[in-house]
file upload.txt (compact mmCIF, C-alpha atoms and all ligand atoms)
# COMPACT_ATOMS: atom_id res chain seq x y z
CA MET A 1 -3.49 0.06 -14.21
CA LEU A 2 -1.35 0.07 -11.08
CA GLY A 3 -1.47 3.88 -11.09
CA VAL A 4 -5.28 3.92 -11.11
CA ALA A 5 -5.50 1.30 -8.32
CA GLY A 6 -2.84 3.16 -6.32
CA THR A 7 -4.73 6.43 -6.68
CA ALA A 8 -8.02 4.82 -5.58
CA VAL A 9 -6.34 3.23 -2.56
CA THR A 10 -4.64 6.49 -1.62
CA ALA A 11 -7.91 8.42 -1.95
CA LEU A 12 -9.59 5.84 0.30
CA ILE A 13 -6.78 5.97 2.87
CA VAL A 14 -6.85 9.79 2.86
CA SER A 15 -10.64 9.78 3.23
CA ILE A 16 -10.33 7.55 6.33
CA LEU A 17 -7.16 8.95 7.86
CA VAL A 18 -7.98 12.64 7.63
CA PRO A 19 -11.23 12.52 9.71
CA TYR A 20 -9.70 9.90 12.05
CA LEU A 21 -6.60 11.94 12.81
CA SER A 22 -8.48 15.24 13.11
CA ALA A 23 -10.95 13.58 15.52
CA ARG A 24 -8.08 12.07 17.57
CA LEU A 25 -6.45 15.45 17.85
CA THR A 26 -9.62 17.13 19.06
CA GLY A 27 -10.52 14.30 21.46
CA ALA A 28 -13.82 13.49 19.83
CA TRP A 29 -12.59 10.07 18.79
CA LEU A 30 -15.54 7.72 19.32
CA PRO A 31 -18.33 9.77 17.72
CA ALA A 32 -16.05 10.64 14.85
CA ALA A 33 -15.05 6.99 14.38
CA THR A 34 -18.69 5.94 14.38
CA GLU A 35 -19.56 8.63 11.90
CA MET A 36 -16.58 7.61 9.80
CA ALA A 37 -17.61 3.93 9.88
CA GLN A 38 -21.11 4.89 8.76
CA GLY A 39 -20.14 7.19 6.01
CA TYR A 40 -16.49 6.94 5.00
CA LEU A 41 -17.41 6.01 1.45
CA THR A 42 -19.41 9.21 1.03
CA TYR A 43 -17.14 11.40 3.17
CA PRO A 44 -16.58 14.57 1.17
CA VAL A 45 -12.86 14.58 0.38
CA PRO A 46 -11.63 18.01 -0.70
CA ALA A 47 -10.64 17.94 -4.38
CA TRP A 48 -7.16 19.23 -3.62
CA THR A 49 -6.31 16.20 -1.43
CA ILE A 50 -7.13 13.82 -4.30
CA LEU A 51 -5.17 15.99 -6.71
CA ALA A 52 -2.25 16.15 -4.27
CA ALA A 53 -2.38 12.36 -3.83
CA VAL A 54 -2.37 11.80 -7.62
CA VAL A 55 0.51 14.24 -8.16
CA GLY A 56 2.36 12.69 -5.21
CA ILE A 57 2.01 9.18 -6.62
CA LEU A 58 3.15 10.28 -10.10
CA VAL A 59 6.19 12.09 -8.67
CA LEU A 60 7.01 9.09 -6.45
CA ARG A 61 6.70 6.67 -9.38
CA TRP A 62 8.93 8.86 -11.55
CA LEU A 63 11.47 9.09 -8.71
CA VAL A 64 11.52 5.32 -8.13
CA ARG A 65 12.05 4.71 -11.86
CA ALA A 66 14.80 7.31 -12.08
CA ILE A 67 16.60 5.81 -9.09
CA ALA A 68 16.20 2.26 -10.46
CA HIS A 69 17.52 3.40 -13.85
CA ARG A 70 20.52 5.07 -12.25
CA ALA A 71 21.24 2.03 -10.07
CA ASN A 72 21.01 -0.37 -13.02
CA PRO A 73 20.67 1.32 -16.43
CA ASP A 74 20.72 -2.09 -18.16
CA ALA A 75 17.74 -3.64 -16.36
CA GLU A 76 15.05 -2.44 -18.79
CA LEU A 77 17.25 -2.87 -21.86
CA PHE A 78 18.28 -6.39 -20.87
CA SER A 79 14.63 -7.44 -20.58
CA TYR A 80 14.06 -6.49 -24.26
CA THR A 81 14.93 -9.87 -25.78
CA THR A 82 12.24 -10.58 -28.38
CA ASP A 83 10.79 -8.69 -31.33
CA THR A 84 9.03 -9.29 -34.63
CA PHE A 85 10.18 -8.01 -38.00
CA GLY A 86 8.00 -9.02 -40.93
CA PRO A 87 7.47 -12.80 -40.90
CA TRP A 88 10.33 -13.39 -38.43
CA HIS A 89 10.28 -13.50 -34.67
CA PHE A 90 13.62 -13.12 -32.97
CA HIS A 91 15.08 -13.93 -29.61
CA TRP A 92 18.44 -12.75 -28.32
CA ASN A 93 20.43 -12.01 -25.16
CA TRP A 94 22.30 -8.95 -24.02
CA ALA A 95 25.81 -8.89 -22.70
CA ARG A 96 28.67 -6.51 -22.14
CA ASP A 97 31.72 -7.16 -24.25
CA ARG A 98 35.24 -6.87 -22.84
CA TYR A 99 35.22 -3.10 -23.50
CA GLY A 100 31.97 -2.68 -21.56
CA ARG A 101 29.84 -2.10 -24.65
CA ARG A 102 26.31 -3.50 -24.74
CA THR A 103 26.04 -6.16 -27.39
CA ILE A 104 23.40 -8.49 -28.79
CA ARG A 105 24.26 -12.17 -28.43
CA ASN A 106 22.69 -15.30 -29.90
CA LEU A 107 20.28 -13.48 -32.23
CA SER A 108 18.13 -16.25 -33.64
CA PRO A 109 14.78 -16.62 -35.40
CA ILE A 110 12.18 -18.46 -33.31
CA CYS A 111 8.75 -20.00 -33.97
CA SER A 112 5.96 -17.48 -33.34
CA VAL A 113 3.98 -20.16 -31.52
CA HIS A 114 6.57 -22.25 -29.64
CA ASP A 115 9.50 -19.85 -29.01
CA THR A 116 11.66 -22.69 -30.34
CA THR A 117 14.77 -21.83 -32.35
CA LEU A 118 14.15 -22.55 -36.04
CA LYS A 119 16.26 -25.10 -37.89
CA VAL A 120 17.49 -24.75 -41.47
CA VAL A 121 15.84 -27.46 -43.56
CA GLY A 122 16.35 -27.41 -47.32
CA GLY A 123 17.03 -23.65 -47.38
CA ASP A 124 13.96 -22.78 -45.30
CA LEU A 125 13.63 -22.09 -41.59
CA VAL A 126 11.42 -24.71 -39.97
CA CYS A 127 10.06 -25.05 -36.43
CA PRO A 128 11.16 -28.48 -35.12
CA ARG A 129 7.96 -28.75 -33.08
CA CYS A 130 5.13 -27.67 -35.43
CA ARG A 131 6.92 -27.82 -38.83
CA ARG A 132 5.81 -24.24 -39.57
CA VAL A 133 8.00 -22.80 -42.36
CA PHE A 134 9.53 -19.30 -42.32
CA PRO A 135 11.51 -17.59 -45.13
CA ALA A 136 15.26 -18.14 -45.08
CA LEU A 137 17.58 -15.51 -43.57
CA ASP A 138 21.08 -14.71 -44.76
CA ARG A 139 23.90 -13.12 -42.79
CA THR A 140 23.21 -9.65 -44.29
CA SER A 141 19.57 -9.72 -43.13
CA LEU A 142 20.62 -10.90 -39.67
CA ASP A 143 23.13 -8.02 -39.42
CA HIS A 144 20.42 -5.61 -40.56
CA PHE A 145 18.04 -6.85 -37.83
CA ARG A 146 20.84 -6.68 -35.27
CA GLN A 147 21.35 -2.99 -36.13
CA THR A 148 17.60 -2.32 -36.12
CA ILE A 149 17.29 -3.85 -32.64
CA ALA A 150 20.26 -1.80 -31.38
CA LYS A 151 18.78 1.47 -32.75
CA LYS A 152 15.33 0.68 -31.37
CA ALA A 153 16.78 -0.23 -27.94
CA ALA A 154 18.93 2.91 -27.81
CA ALA A 155 15.94 5.13 -28.64
CA ARG A 156 13.56 3.34 -26.28
CA TYR A 157 15.79 2.97 -23.21
CA GLY A 158 18.04 6.00 -23.61
CA VAL A 159 21.26 4.00 -23.47
CA GLU A 160 24.15 3.63 -25.88
CA VAL A 161 24.08 0.31 -27.72
ZN ZN A 201 6.34 -24.03 -33.75
call {"tool": "encode", "arguments": {"input": "upload.txt", "output": "structure tokens", "more": "lines below"}}
Ligand SMILES: [Zn+2]
result
Amino acid sequence: MLGVAGTAVTALIVSILVPYLSARLTGAWLPAATEMAQGYLTYPVPAWTILAAVVGILVLRWLVRAIAHRANPDAELFSYTTDTFGPWHFHWNWARDRYGRRTIRNLSPICSVHDTTLKVVGGDLVCPRCRRVFPALDRTSLDHFRQTIAKKAAARYGVEV
């Protein structure tokens, strides 16, 4: 979405700047500016300038992401804090343990509507706000989901979890 908008804006800027600058350089500023004002939307932009702008934006975006990832490799991973597995929705936090390893903290099932932590009521998991009931979870299932989240995160963000 941002890429498409960015490309359109760049194409527009190029279509205005190129005739403006070339006219400035040749001294024919006013007629060129008038012509530009009349027809900048239909000004024939060479295909290669649009292609160059698109490639430039893609390279720039890739570069910015690579630099951001190098500066803080945890930023994307640490924003992955919710997921759904079967009937359960989970929320958790990320932290580094004392050995510097990335770990999942406070993994808990939440209500799919209210993001509220579910309470154990009579063996079931119940939302304290809407009374919606979810199947019970034992420690083994929680450990399984913890491992699933870690594997998914490692594959998706290219970091060791
Ligand atoms: Zn609820």
call {"tool": "closest_atom_pairs", "arguments": {"input": "upload.txt", "of": "chain A", "to": "ligand ZN 201 (chain A)", "cutoff": "6 Å", "atoms": "only C-alpha atoms and all ligand atoms", "output": "CSV"}}
result
residue,atom,partner,partner_atom,distance
A:Cys111,CA,A:ZN201,ZN,4.7
A:Val113,CA,A:ZN201,ZN,5.1
A:His114,CA,A:ZN201,ZN,4.5
A:Cys127,CA,A:ZN201,ZN,4.7
A:Arg129,CA,A:ZN201,ZN,5.0
A:Cys130,CA,A:ZN201,ZN,4.2
A:Arg132,CA,A:ZN201,ZN,5.8
call {"tool": "closest_residue", "arguments": {"input": "upload.txt", "among": "A:Ile104, A:Leu137, A:Leu142, A:Leu77", "to": "Ala155 of chain A", "atoms": "all atoms listed in the file"}}
result
A:Leu77
call {"tool": "residues_near_point", "arguments": {"input": "upload.txt", "point": "(27.8, -4.9, -23.2)", "cutoff": "12 Å", "atoms": "all atoms listed in the file", "output": "list in words"}}
result
Pro73, Asp74, Leu77, Phe78, Asn93, Trp94, Ala95, Arg96, Asp97, Arg98, Tyr99, Gly100, Arg101, Arg102, Thr103, Ile104, Arg105, Ala150, Val159, Glu160 and Val161 of chain A
call {"tool": "closest_residue", "arguments": {"input": "upload.txt", "among": "A:Ala68, A:Ser79, A:Leu60, A:Val55", "to": "Trp92 of chain A", "atoms": "only C-alpha atoms"}}
result
A:Ser79
call {"tool": "residues_around", "arguments": {"input": "upload.txt", "residues": "Phe85 of chain A", "least_positions_apart": "6", "cutoff": "10 Å", "atoms": "all atoms listed in the file", "output": "ChimeraX atom specification"}}
result
/A:145,148-149
call {"tool": "residues_near_point", "arguments": {"input": "upload.txt", "point": "(15.2, -24.8, -43.8)", "cutoff": "12 Å", "atoms": "all atoms listed in the file", "output": "PyMOL selection string"}}
result
chain A and resi 109+117-128+131-138
call {"tool": "atom_distance", "arguments": {"input": "upload.txt", "atom1": "atom CA of Asn106 of chain A", "atom2": "atom CA of Gly158 of chain A"}}
result
22.7 Å
